[in-house]
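Undergrad: Below is the file run.cif, which contains mmCIF, C-alpha atoms.
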```cif
data_structure
loop_
_atom_site.label_atom_id
_atom_site.label_comp_id
_atom_site.auth_asym_id
_atom_site.auth_seq_id
_atom_site.Cartn_x
_atom_site.Cartn_y
_atom_site.Cartn_z
CA MET Y 1 2.40 69.71 -32.79
CA HIS Y 2 3.27 66.28 -34.16
CA SER Y 3 6.66 66.42 -32.42
CA LEU Y 4 4.99 67.19 -29.08
CA CYS Y 5 2.55 64.32 -29.53
CA TYR Y 6 5.38 61.99 -30.40
CA LYS Y 7 7.28 63.03 -27.27
CA HIS Y 8 4.22 62.35 -25.13
CA PHE Y 9 3.67 59.04 -26.88
CA SER Y 10 7.30 58.04 -26.35
CA LYS Y 11 7.07 59.00 -22.70
CA TYR Y 12 3.91 56.94 -22.17
CA SER Y 13 5.33 54.07 -24.17
CA LEU Y 14 8.47 54.06 -22.03
CA ASN Y 15 6.41 54.11 -18.83
CA PHE Y 16 4.27 51.27 -20.14
CA ASN Y 17 7.33 49.18 -20.95
CA ILE Y 18 8.73 49.78 -17.48
CA LEU Y 19 5.42 48.76 -15.93
CA LEU Y 20 5.24 45.66 -18.14
CA HIS Y 21 8.76 44.62 -17.14
CA PHE Y 22 7.88 45.20 -13.48
CA TYR Y 23 4.73 43.11 -13.90
CA ARG Y 24 6.58 40.21 -15.42
CA SER Y 25 9.42 40.25 -12.91
CA ASN Y 26 7.40 40.75 -9.73
CA LEU Y 27 3.79 39.70 -10.18
CA THR Y 28 3.17 39.02 -6.47
CA LEU Y 29 4.42 42.47 -5.37
CA LEU Y 30 2.39 44.16 -8.10
CA LYS Y 31 -0.78 42.42 -6.92
CA THR Y 32 -0.08 43.65 -3.39
CA LEU Y 33 0.46 47.24 -4.54
CA PHE Y 34 -2.81 47.27 -6.46
CA HIS Y 35 -4.67 45.43 -3.68
CA VAL Y 36 -5.51 42.44 -5.86
CA LYS Y 37 -7.38 39.85 -3.81
CA PRO Y 38 -5.10 36.84 -3.06
CA ALA Y 39 -5.89 33.54 -4.77
CA VAL Y 40 -7.40 30.91 -2.47
CA ILE Y 41 -6.44 27.25 -3.03
CA LEU Y 42 -8.19 24.18 -1.62
CA GLY Y 43 -5.87 21.22 -1.01
CA ILE Y 44 -7.04 17.59 -0.72
CA GLU Y 45 -4.76 14.81 0.56
CA THR Y 46 -5.61 11.09 0.54
CA SER Y 47 -2.37 9.42 -0.54
CA CYS Y 48 -2.24 6.94 2.33
CA ASP Y 49 -4.25 6.68 5.54
CA ASP Y 50 -5.14 10.27 6.50
CA THR Y 51 -7.90 12.35 4.91
CA GLY Y 52 -6.80 15.97 4.91
CA CYS Y 53 -8.13 19.24 3.52
CA GLY Y 54 -6.51 22.65 3.76
CA ILE Y 55 -7.34 26.11 2.44
CA VAL Y 56 -4.41 28.48 1.89
CA ASP Y 57 -4.23 31.83 0.10
CA SER Y 58 -1.47 32.98 -2.22
CA THR Y 59 0.28 34.90 0.58
CA GLY Y 60 0.74 31.66 2.54
CA THR Y 61 -1.98 32.33 5.10
CA VAL Y 62 -3.79 29.21 6.30
CA LEU Y 63 -7.49 30.04 6.15
CA GLY Y 64 -8.91 26.68 7.21
CA GLU Y 65 -8.01 23.04 7.69
CA ALA Y 66 -9.39 19.69 8.79
CA ILE Y 67 -8.05 16.16 8.99
CA SER Y 68 -9.33 12.70 9.82
CA SER Y 69 -6.69 10.25 11.00
CA GLN Y 70 -7.04 6.50 10.51
CA HIS Y 71 -4.04 5.74 12.75
CA ASN Y 72 -5.83 4.02 15.62
CA ILE Y 73 -7.92 1.88 13.27
CA HIS Y 74 -4.93 0.60 11.28
CA LEU Y 75 -2.99 0.10 14.52
CA ASN Y 76 -5.36 -2.75 15.31
CA PHE Y 77 -4.55 -4.42 11.98
CA GLY Y 78 -0.79 -4.13 12.51
CA GLY Y 79 -0.44 -2.10 9.31
CA ILE Y 80 -2.37 -0.18 6.66
CA ILE Y 81 -4.96 -2.23 4.77
CA PRO Y 82 -5.56 -0.45 1.40
CA SER Y 83 -9.21 -1.49 1.09
CA VAL Y 84 -9.94 -0.29 4.63
CA ALA Y 85 -8.14 2.99 3.96
CA ARG Y 86 -10.20 3.54 0.80
CA SER Y 87 -13.45 2.88 2.63
CA LEU Y 88 -12.54 5.35 5.39
CA HIS Y 89 -11.47 8.01 2.88
CA THR Y 90 -14.78 7.59 1.06
CA SER Y 91 -16.69 7.97 4.31
CA ASN Y 92 -14.70 10.97 5.53
CA VAL Y 93 -13.64 13.13 2.59
CA THR Y 94 -16.88 15.10 2.21
CA ARG Y 95 -17.14 15.83 5.93
CA VAL Y 96 -13.46 16.78 6.23
CA CYS Y 97 -13.75 19.14 3.28
CA GLU Y 98 -16.90 20.73 4.72
CA ASP Y 99 -15.13 21.16 8.06
CA ALA Y 100 -12.23 22.93 6.32
CA PHE Y 101 -14.63 25.28 4.54
CA ARG Y 102 -16.47 25.92 7.78
CA SER Y 103 -13.26 26.74 9.67
CA ALA Y 104 -12.31 29.18 6.91
CA ASN Y 105 -15.83 30.62 6.72
CA LEU Y 106 -15.71 30.12 2.95
CA LYS Y 107 -17.67 28.35 0.24
CA LEU Y 108 -16.62 26.60 -2.95
CA GLN Y 109 -17.40 29.75 -4.93
CA ASP Y 110 -14.66 31.56 -2.95
CA ILE Y 111 -11.97 29.10 -4.06
CA SER Y 112 -9.66 29.93 -6.98
CA ALA Y 113 -8.54 26.35 -7.70
CA VAL Y 114 -8.59 22.80 -6.32
CA ALA Y 115 -5.26 21.08 -5.69
CA THR Y 116 -5.27 17.32 -5.08
CA THR Y 117 -2.63 14.65 -4.49
CA VAL Y 118 -2.60 12.32 -7.50
CA LYS Y 119 0.79 10.59 -7.02
CA PRO Y 120 2.55 8.65 -5.56
CA GLY Y 121 0.66 6.63 -2.94
CA LEU Y 122 -1.85 3.86 -2.42
CA PRO Y 123 -3.93 3.79 -5.62
CA MET Y 124 -7.18 3.05 -3.78
CA SER Y 125 -6.62 5.99 -1.46
CA LEU Y 126 -5.41 8.38 -4.16
CA ASP Y 127 -8.45 7.56 -6.29
CA VAL Y 128 -10.89 8.76 -3.61
CA GLY Y 129 -9.28 12.17 -3.23
CA THR Y 130 -8.65 12.65 -6.93
CA ARG Y 131 -12.24 11.85 -7.89
CA PHE Y 132 -13.53 14.18 -5.19
CA GLY Y 133 -11.16 17.00 -6.17
CA LYS Y 134 -12.08 16.70 -9.85
CA TYR Y 135 -15.76 16.68 -8.91
CA LEU Y 136 -15.40 19.92 -6.93
CA ALA Y 137 -13.44 21.51 -9.76
CA LYS Y 138 -16.14 20.53 -12.22
CA ILE Y 139 -19.21 21.69 -10.26
CA GLY Y 140 -17.45 24.86 -9.12
CA LYS Y 141 -15.97 25.53 -12.56
CA LYS Y 142 -12.53 25.85 -10.99
CA PRO Y 143 -9.05 25.00 -12.31
CA PHE Y 144 -7.57 21.72 -11.09
CA ILE Y 145 -3.96 21.36 -9.91
CA PRO Y 146 -2.60 17.76 -9.74
CA ILE Y 147 -0.04 17.46 -6.95
CA HIS Y 148 3.00 15.19 -6.54
CA HIS Y 149 2.97 14.20 -2.87
CA MET Y 150 6.76 14.39 -2.44
CA GLU Y 151 6.99 17.76 -4.19
CA ALA Y 152 4.45 19.05 -1.68
CA HIS Y 153 6.58 17.82 1.23
CA ALA Y 154 9.65 19.43 -0.34
CA LEU Y 155 8.02 22.86 -0.74
CA THR Y 156 5.98 23.10 2.48
CA VAL Y 157 8.87 24.66 4.41
CA ARG Y 158 8.51 27.82 2.29
CA MET Y 159 5.21 28.55 4.04
CA SER Y 160 6.91 29.22 7.35
CA HIS Y 161 10.53 30.06 6.46
CA LYS Y 162 12.21 32.22 3.87
CA VAL Y 163 13.93 29.49 1.88
CA ASP Y 164 15.08 30.58 -1.56
CA PHE Y 165 15.72 28.30 -4.52
CA PRO Y 166 17.85 26.30 -4.90
CA TYR Y 167 18.05 24.21 -1.74
CA ILE Y 168 18.51 20.55 -0.85
CA VAL Y 169 15.73 18.59 0.81
CA LEU Y 170 15.79 15.34 2.76
CA LEU Y 171 12.39 13.68 2.68
CA VAL Y 172 11.98 10.95 5.29
CA SER Y 173 8.66 9.25 5.88
CA GLY Y 174 6.85 5.93 6.13
CA GLY Y 175 6.91 5.45 2.38
CA HIS Y 176 9.96 7.37 1.19
CA CYS Y 177 13.52 8.37 1.94
CA LEU Y 178 15.27 10.58 -0.59
CA LEU Y 179 17.60 13.51 -1.13
CA ALA Y 180 16.88 16.02 -3.87
CA ILE Y 181 17.84 19.47 -5.05
CA VAL Y 182 14.86 21.80 -5.37
CA GLU Y 183 15.63 24.24 -8.18
CA ASP Y 184 12.16 25.74 -8.46
CA VAL Y 185 8.48 24.90 -8.03
CA SER Y 186 8.53 22.20 -10.69
CA LYS Y 187 12.19 21.28 -11.14
CA PHE Y 188 13.89 18.71 -8.90
CA TYR Y 189 17.11 16.68 -9.13
CA LEU Y 190 17.15 13.35 -7.29
CA LEU Y 191 20.50 12.65 -5.59
CA GLY Y 192 19.57 9.47 -3.75
CA THR Y 193 16.66 7.32 -2.66
CA THR Y 194 16.00 4.21 -0.60
CA MET Y 195 16.73 0.89 -2.29
CA ASN Y 196 14.31 -1.05 -0.11
CA ASN Y 197 12.41 -0.04 3.03
CA ALA Y 198 11.63 3.51 4.16
CA PRO Y 199 12.68 4.62 7.67
CA GLY Y 200 9.13 5.23 8.92
CA GLU Y 201 8.12 1.78 7.72
CA VAL Y 202 11.08 0.21 9.53
CA PHE Y 203 10.31 2.09 12.76
CA ASP Y 204 6.73 0.82 12.61
CA LYS Y 205 7.82 -2.78 12.03
CA ILE Y 206 10.31 -2.74 14.89
CA ALA Y 207 7.77 -1.12 17.22
CA ARG Y 208 5.28 -3.89 16.40
CA ARG Y 209 7.93 -6.59 16.78
CA LEU Y 210 8.87 -5.18 20.19
CA LYS Y 211 5.17 -5.07 21.14
CA LEU Y 212 5.54 -1.45 22.31
CA ARG Y 213 1.79 -0.93 22.10
CA ASN Y 214 1.47 -3.33 25.05
CA ILE Y 215 3.26 -0.74 27.19
CA PRO Y 216 0.56 1.77 28.31
CA GLU Y 217 2.59 4.95 27.71
CA PHE Y 218 3.33 3.87 24.12
CA SER Y 219 -0.05 2.30 23.29
CA THR Y 220 -1.40 5.22 21.24
CA LEU Y 221 1.86 6.36 19.65
CA ASN Y 222 2.95 5.63 16.09
CA GLY Y 223 5.98 3.39 15.71
CA GLY Y 224 8.54 6.14 15.23
CA LEU Y 225 7.42 8.19 18.21
CA ALA Y 226 7.16 5.09 20.39
CA ILE Y 227 10.77 4.13 19.60
CA GLU Y 228 12.02 7.70 20.13
CA THR Y 229 10.22 7.90 23.48
CA ALA Y 230 11.51 4.51 24.59
CA ALA Y 231 15.04 5.43 23.52
CA ARG Y 232 15.04 8.38 25.94
CA LYS Y 233 14.66 5.87 28.79
CA ALA Y 234 17.70 3.79 27.75
CA SER Y 235 20.32 3.07 30.39
CA ASN Y 236 22.94 1.59 28.04
CA VAL Y 237 22.98 2.52 24.35
CA ASP Y 238 26.03 0.29 23.82
CA GLN Y 239 24.28 -2.93 24.85
CA PHE Y 240 23.39 -3.54 21.21
CA THR Y 241 25.69 -2.64 18.33
CA PHE Y 242 24.76 -2.22 14.67
CA THR Y 243 27.13 -2.56 11.74
CA PRO Y 244 27.46 0.69 9.71
CA VAL Y 245 25.40 0.60 6.53
CA MET Y 246 27.06 1.19 3.14
CA PRO Y 247 29.89 3.37 4.54
CA HIS Y 248 32.10 2.90 1.47
CA GLN Y 249 29.53 3.16 -1.32
CA CYS Y 250 30.01 6.50 -3.03
CA ASP Y 251 26.38 7.43 -3.57
CA CYS Y 252 23.52 8.97 -1.63
CA ASN Y 253 21.18 5.99 -1.71
CA PHE Y 254 19.74 4.54 1.48
CA SER Y 255 19.20 0.99 2.70
CA PHE Y 256 17.27 0.12 5.85
CA SER Y 257 16.59 -3.60 5.33
CA GLY Y 258 19.90 -4.61 6.93
CA LEU Y 259 19.16 -2.61 10.08
CA LEU Y 260 15.68 -4.12 10.19
CA ASN Y 261 17.03 -7.68 9.95
CA MET Y 262 19.81 -7.03 12.46
CA CYS Y 263 17.31 -5.65 14.97
CA GLY Y 264 15.04 -8.64 14.38
CA ARG Y 265 17.89 -11.01 15.26
CA TYR Y 266 18.57 -9.13 18.49
CA ILE Y 267 14.90 -9.45 19.43
CA GLU Y 268 14.92 -13.20 18.73
CA ARG Y 269 18.00 -13.69 20.92
CA GLN Y 270 16.50 -11.66 23.76
CA GLU Y 271 13.24 -13.56 23.56
CA LYS Y 272 15.08 -16.88 23.70
CA GLU Y 273 17.38 -15.75 26.53
CA TYR Y 274 14.58 -14.40 28.73
CA GLY Y 275 11.81 -16.79 27.71
CA ILE Y 276 9.67 -14.00 26.24
CA ILE Y 277 6.33 -15.32 24.95
CA ALA Y 278 2.91 -13.94 23.94
CA ASP Y 279 2.51 -10.32 25.10
CA MET Y 280 5.58 -10.27 27.35
CA ILE Y 281 8.07 -7.42 26.82
CA MET Y 282 11.83 -8.01 26.67
CA PRO Y 283 13.65 -6.38 29.62
CA ASN Y 284 16.14 -4.38 27.52
CA VAL Y 285 13.61 -2.92 25.11
CA CYS Y 286 14.60 0.73 25.73
CA ASN Y 287 18.30 0.03 25.14
CA LEU Y 288 17.51 -1.70 21.86
CA CYS Y 289 15.28 1.20 20.75
CA ALA Y 290 18.07 3.66 21.49
CA ALA Y 291 20.70 1.64 19.61
CA PHE Y 292 18.42 1.08 16.62
CA GLN Y 293 17.44 4.75 16.45
CA LEU Y 294 21.10 5.85 16.62
CA ALA Y 295 22.08 3.43 13.84
CA THR Y 296 19.21 4.65 11.64
CA VAL Y 297 19.97 8.33 12.26
CA THR Y 298 23.69 7.76 11.61
CA HIS Y 299 22.95 6.11 8.26
CA ILE Y 300 20.64 8.94 7.18
CA CYS Y 301 23.20 11.55 8.22
CA GLN Y 302 26.08 9.90 6.36
CA ARG Y 303 24.13 9.78 3.09
CA THR Y 304 23.07 13.39 3.65
CA GLN Y 305 26.66 14.44 4.34
CA ARG Y 306 27.73 13.01 0.99
CA ALA Y 307 24.95 14.93 -0.75
CA LEU Y 308 26.07 18.20 0.84
CA GLU Y 309 29.69 17.54 -0.12
CA PHE Y 310 28.58 16.72 -3.67
CA ILE Y 311 26.83 20.08 -3.91
CA ASP Y 312 29.99 21.82 -2.72
CA LYS Y 313 32.27 19.90 -5.07
CA MET Y 314 30.07 20.67 -8.07
CA SER Y 315 29.56 24.33 -6.96
CA LEU Y 316 25.81 23.95 -7.35
CA PHE Y 317 24.78 26.49 -4.69
CA PRO Y 318 25.99 30.03 -3.97
CA LYS Y 319 28.38 29.96 -1.02
CA ASP Y 320 26.22 32.38 0.97
CA LYS Y 321 22.95 30.55 0.30
CA ARG Y 322 23.28 26.90 1.15
CA THR Y 323 20.30 25.35 2.88
CA LEU Y 324 19.33 21.81 3.92
CA VAL Y 325 15.62 21.25 4.56
CA VAL Y 326 14.15 18.16 6.21
CA SER Y 327 10.51 17.19 5.78
CA GLY Y 328 8.21 14.17 5.94
CA GLY Y 329 6.78 12.27 8.90
CA VAL Y 330 10.14 11.01 10.24
CA ALA Y 331 11.37 14.63 10.32
CA CYS Y 332 9.34 14.85 13.55
CA ASN Y 333 12.08 12.77 15.19
CA ASN Y 334 14.03 15.19 17.40
CA VAL Y 335 17.20 13.09 17.47
CA LEU Y 336 17.35 13.07 13.68
CA ALA Y 337 16.75 16.83 13.53
CA LYS Y 338 19.54 17.50 16.02
CA ALA Y 339 21.94 15.24 14.11
CA LEU Y 340 21.15 16.92 10.79
CA ASP Y 341 21.73 20.30 12.40
CA ILE Y 342 25.19 19.12 13.49
CA ILE Y 343 26.04 17.91 9.98
CA SER Y 344 24.78 21.12 8.37
CA THR Y 345 26.69 23.38 10.75
CA LYS Y 346 29.95 21.50 10.22
CA LEU Y 347 29.61 21.82 6.43
CA GLY Y 348 28.45 25.44 6.36
CA PHE Y 349 24.81 24.82 5.46
CA ASN Y 350 21.81 26.47 7.04
CA PHE Y 351 19.48 23.82 8.48
CA VAL Y 352 15.73 24.31 8.34
CA ARG Y 353 13.23 21.85 9.77
CA THR Y 354 9.71 21.89 8.41
CA PRO Y 355 7.31 22.55 11.33
CA PRO Y 356 6.36 19.13 12.79
CA LYS Y 357 2.65 19.83 12.28
CA LEU Y 358 3.27 20.08 8.52
CA CYS Y 359 5.69 17.13 8.31
CA THR Y 360 2.98 14.49 8.43
CA ASP Y 361 0.49 14.16 5.57
CA ASN Y 362 -2.05 16.99 5.57
CA GLY Y 363 -4.19 19.11 3.28
CA ILE Y 364 -2.31 22.34 4.01
CA MET Y 365 0.86 21.16 2.27
CA ILE Y 366 -1.17 20.18 -0.78
CA ALA Y 367 -2.91 23.55 -0.84
CA TRP Y 368 0.46 25.30 -0.50
CA ASN Y 369 1.92 23.32 -3.40
CA GLY Y 370 -1.14 24.46 -5.33
CA VAL Y 371 -0.34 28.05 -4.35
CA GLU Y 372 3.26 27.68 -5.52
CA ARG Y 373 2.08 26.33 -8.87
CA TRP Y 374 -0.66 28.95 -9.15
CA ASN Y 375 1.80 31.79 -8.55
CA ALA Y 376 4.24 30.33 -11.07
CA ASP Y 377 1.43 29.35 -13.46
CA LYS Y 378 2.82 25.83 -13.78
CA GLY Y 379 0.64 22.72 -13.87
CA VAL Y 380 -2.68 24.53 -13.48
CA ILE Y 381 -5.30 22.72 -15.61
CA ARG Y 382 -8.24 24.86 -16.70
CA ASP Y 383 -9.80 22.80 -19.48
CA GLU Y 384 -12.45 20.38 -18.20
CA ASN Y 385 -11.51 17.70 -20.74
CA ASP Y 386 -7.88 17.83 -19.59
CA ILE Y 387 -8.98 17.58 -15.96
CA ASP Y 388 -10.89 14.39 -16.79
CA LYS Y 389 -7.69 12.85 -18.19
CA VAL Y 390 -5.75 13.18 -14.92
CA CYS Y 391 -5.02 9.72 -13.45
CA VAL Y 392 -3.52 8.56 -10.17
CA GLU Y 393 -0.08 6.96 -10.08
CA LYS Y 394 1.12 4.48 -7.47
CA LYS Y 395 4.77 5.25 -8.15
CA ALA Y 396 6.29 8.50 -9.38
CA SER Y 397 9.93 9.51 -9.19
CA LEU Y 398 10.86 12.97 -7.98
CA GLY Y 399 12.40 15.01 -10.76
CA GLU Y 400 15.46 14.22 -12.87
CA ASP Y 401 17.59 11.31 -11.66
CA TRP Y 402 21.10 12.46 -10.73
CA THR Y 403 22.09 9.39 -8.71
CA GLU Y 404 24.64 8.30 -11.31
CA ARG Y 405 26.20 11.79 -11.31
CA VAL Y 406 26.72 11.45 -7.57
CA LYS Y 407 28.40 8.07 -8.03
CA ALA Y 408 30.60 9.47 -10.79
CA ALA Y 409 31.85 12.19 -8.44
CA ASN Y 410 33.38 9.36 -6.36
CA LEU Y 411 33.42 11.35 -3.13
CA LYS Y 412 35.36 9.89 -0.21
CA CYS Y 413 33.86 11.33 2.95
CA LYS Y 414 35.37 11.67 6.39
CA TRP Y 415 32.27 11.05 8.47
CA ILE Y 416 31.29 13.73 10.91
CA LYS Y 417 30.92 12.30 14.40
CA ILE Y 418 27.43 12.90 15.76
CA ARG Y 419 27.09 10.36 18.55
CA GLU Y 420 29.08 12.33 21.15
CA GLU Y 421 26.81 15.34 20.72
CA LEU Y 422 23.60 13.29 20.68
CA THR Y 423 24.23 11.21 23.82
#
```
Please go through the file and, once you have read it, give me the structure as structure tokens.

TA:
Amino acid sequence: MHSLCYKHFSKYSLNFNILLHFYRSNLTLLKTLFHVKPAVILGIETSCDDTGCGIVDSTGTVLGEAISSQHNIHLNFGGIIPSVARSLHTSNVTRVCEDAFRSANLKLQDISAVATTVKPGLPMSLDVGTRFGKYLAKIGKKPFIPIHHMEAHALTVRMSHKVDFPYIVLLVSGGHCLLAIVEDVSKFYLLGTTMNNAPGEVFDKIARRLKLRNIPEFSTLNGGLAIETAARKASNVDQFTFTPVMPHQCDCNFSFSGLLNMCGRYIERQEKEYGIIADMIMPNVCNLCAAFQLATVTHICQRTQRALEFIDKMSLFPKDKRTLVVSGGVACNNVLAKALDIISTKLGFNFVRTPPKLCTDNGIMIAWNGVERWNADKGVIRDENDIDKVCVEKKASLGEDWTERVKAANLKCKWIKIREELT
């Protein structure tokens, strides 16, 4: 009798241990098998000049979204004015959030947690979203998930593509330009970053300097898109030449200030030669846009090539799973995407471009980062006192700094030619 009971007990104990192991190793699949209702995460983004809210469930389904762009307003100022951005965020965040809930046909009580961008970004802008997110978490008695803006950009691609860890990501935007290895939801290794300007910022400055908004077809476009569109109309890309940037420096850092200054000098010469004053447009504007875009893309690709070769040299990725992801606002540039695809193919990497809609700042990417953290149970704050302690940060590095390791590898690269395939 006792022996029989023991056998039954051992059998049940073994089954329980198997189930426990299965639970720990595949929580998402287990929830699906037992029809557990997916978690629903609200994401709030106010790091710069767009107020965005997104609602995403733990399967990656977008349930609702809304966004309020400040682009046209700041266009009139010639750049983003932090105090103006804060005022607009304050005016819009409640309405945008309500619109997102309405599009999802949900209420705050249906949300599992509130994810909000808290770093890096414009402090005045970040503060509006963070205060609002903490307020919703408090009145709804929901967990709060603080989000690193660049981590969100790096992970967004996993919503639409099957991209396994680890992978390398190139983040290019108006405020950042960096290369990093993404090991998991909360572990990143920084291979290189910009030492001065960001590419999106430089595109905007050149577009303003060229007065592209005075040309009707470019008047409503952001700087990067205006330059890309103008470049397609170029008749002679070789009219203006740009000196290669940092071709012999054995790291993955970026520098765009030299290209900016060089382009500025070309504009000054053209203005003097053709007597350009006030709102007049220089006659060779499309050629200059094409040359400047090519120089910028070439620089980004060369630094990215070194990062890919570093990964190979250090055997950091499995040979059959090597992926380069591009994200951020400048990833919308089709010339850059095509060039990166060329580099990746030549070096045996799979190239994945984050969908353009999700490249620019938005609430969906913040909600998805919240989902990733919720599923991994990393960085989810449930105690109200701990939520109150969360503060915004103007600057925040992405992960562990490996830039010196890249330099120490002392890689000498034979640059892959991209121009012939781009033009």

Undergrad: For the file shown, what are the residues hit by the PyMOL selection byres ((chain Y and resi 152-161) around 9), laid out as a ChimeraX atom specification?

TA: /Y:59-61,117,147-151,162-164,168-171,180,182,185,325-328,352-355,358-361,364-370,372

Undergrad: Can you translate the PyMOL selection byres ((chain Y and resi 91) around 12) into the concrete residues it hits in this file, as a list in words?

TA: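 On the file shown, the PyMOL selection byres ((chain Y and resi 91) around 12) covers Asp50, Thr51, Ser68, Gln70, Val84, Ala85, Arg86, Ser87, Leu88, His89, Thr90, Asn92, Val93, Thr94, Arg95, Val96, Cys97, Ser125, Val128, Gly129 and Phe132 of chain Y.
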
Undergrad: Emit the selected residues as an mmCIF file, keeping the file's coordinate frame, including C-alpha atoms.

TA:
```
data_model
loop_
_atom_site.group_PDB
_atom_site.id
_atom_site.type_symbol
_atom_site.label_atom_id
_atom_site.label_comp_id
_atom_site.auth_asym_id
_atom_site.auth_seq_id
_atom_site.Cartn_x
_atom_site.Cartn_y
_atom_site.Cartn_z
ATOM 1 C CA ASP Y 50 -5.140 10.270 6.500
ATOM 2 C CA THR Y 51 -7.900 12.350 4.910
ATOM 3 C CA SER Y 68 -9.330 12.700 9.820
ATOM 4 C CA GLN Y 70 -7.040 6.500 10.510
ATOM 5 C CA VAL Y 84 -9.940 -0.290 4.630
ATOM 6 C CA ALA Y 85 -8.140 2.990 3.960
ATOM 7 C CA ARG Y 86 -10.200 3.540 0.800
ATOM 8 C CA SER Y 87 -13.450 2.880 2.630
ATOM 9 C CA LEU Y 88 -12.540 5.350 5.390
ATOM 10 C CA HIS Y 89 -11.470 8.010 2.880
ATOM 11 C CA THR Y 90 -14.780 7.590 1.060
ATOM 12 C CA ASN Y 92 -14.700 10.970 5.530
ATOM 13 C CA VAL Y 93 -13.640 13.130 2.590
ATOM 14 C CA THR Y 94 -16.880 15.100 2.210
ATOM 15 C CA ARG Y 95 -17.140 15.830 5.930
ATOM 16 C CA VAL Y 96 -13.460 16.780 6.230
ATOM 17 C CA CYS Y 97 -13.750 19.140 3.280
ATOM 18 C CA SER Y 125 -6.620 5.990 -1.460
ATOM 19 C CA VAL Y 128 -10.890 8.760 -3.610
ATOM 20 C CA GLY Y 129 -9.280 12.170 -3.230
ATOM 21 C CA PHE Y 132 -13.530 14.180 -5.190
#
```

Undergrad: Hey, what comes out of the PyMOL selection byres ((chain Y and resi 107) around 12) on this file? Could you write it as a list in words?

TA: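 The output of the PyMOL selection byres ((chain Y and resi 107) around 12) on this file is Val40, Ile41, Leu42, Ile55, Leu63, Gly64, Cys97, Glu98, Asp99, Ala100, Phe101, Arg102, Ser103, Ala104, Asn105, Leu106, Leu108, Gln109, Asp110, Ile111, Ser112, Leu136 and Gly140 of chain Y.
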
Undergrad: For a quick check of understanding, using only C-alpha atoms, which of Y:Ile181, Y:Ile381, Y:Ile80, Y:Cys48 has the smallest distance to Y:Ala113?

TA: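 The closest residue to Y:Ala113 is Y:Ile381.
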
Undergrad: Could you name the residues that touch stretch 228-243 of chain Y at 9 Å or less, counting all atoms listed in the file, but leaving out those on the same chain fewer than 5 positions away, as a ChimeraX atom specification?

TA: /Y:212,218,223,258-259,262-263,266,284-295,333-335,423

Undergrad: Residues near Y:Gly175, anyone? I mean within 12 Å using only C-alpha atoms, not counting same-chain ones fewer than 3 positions away, as a ChimeraX atom specification.

TA: /Y:47-49,80,120-122,149-150,171-172,178,193-204,328-330,360-361,394-395

Undergrad: Please measure the separation of atom CA of Y:Ala331 and atom CA of Y:Ala115, giving the value in Å to one decimal.

TA: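 If I compute the distance from atom CA of Y:Ala331 to atom CA of Y:Ala115, I get 24.0 Å.
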
Undergrad: Report, in Å to a single decimal, how far apart atom CA of Y:Val118 and atom CA of Y:Tyr135 are.

TA: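 Atom-to-atom, atom CA of Y:Tyr135 and atom CA of Y:Val118 are spaced 13.9 Å apart.
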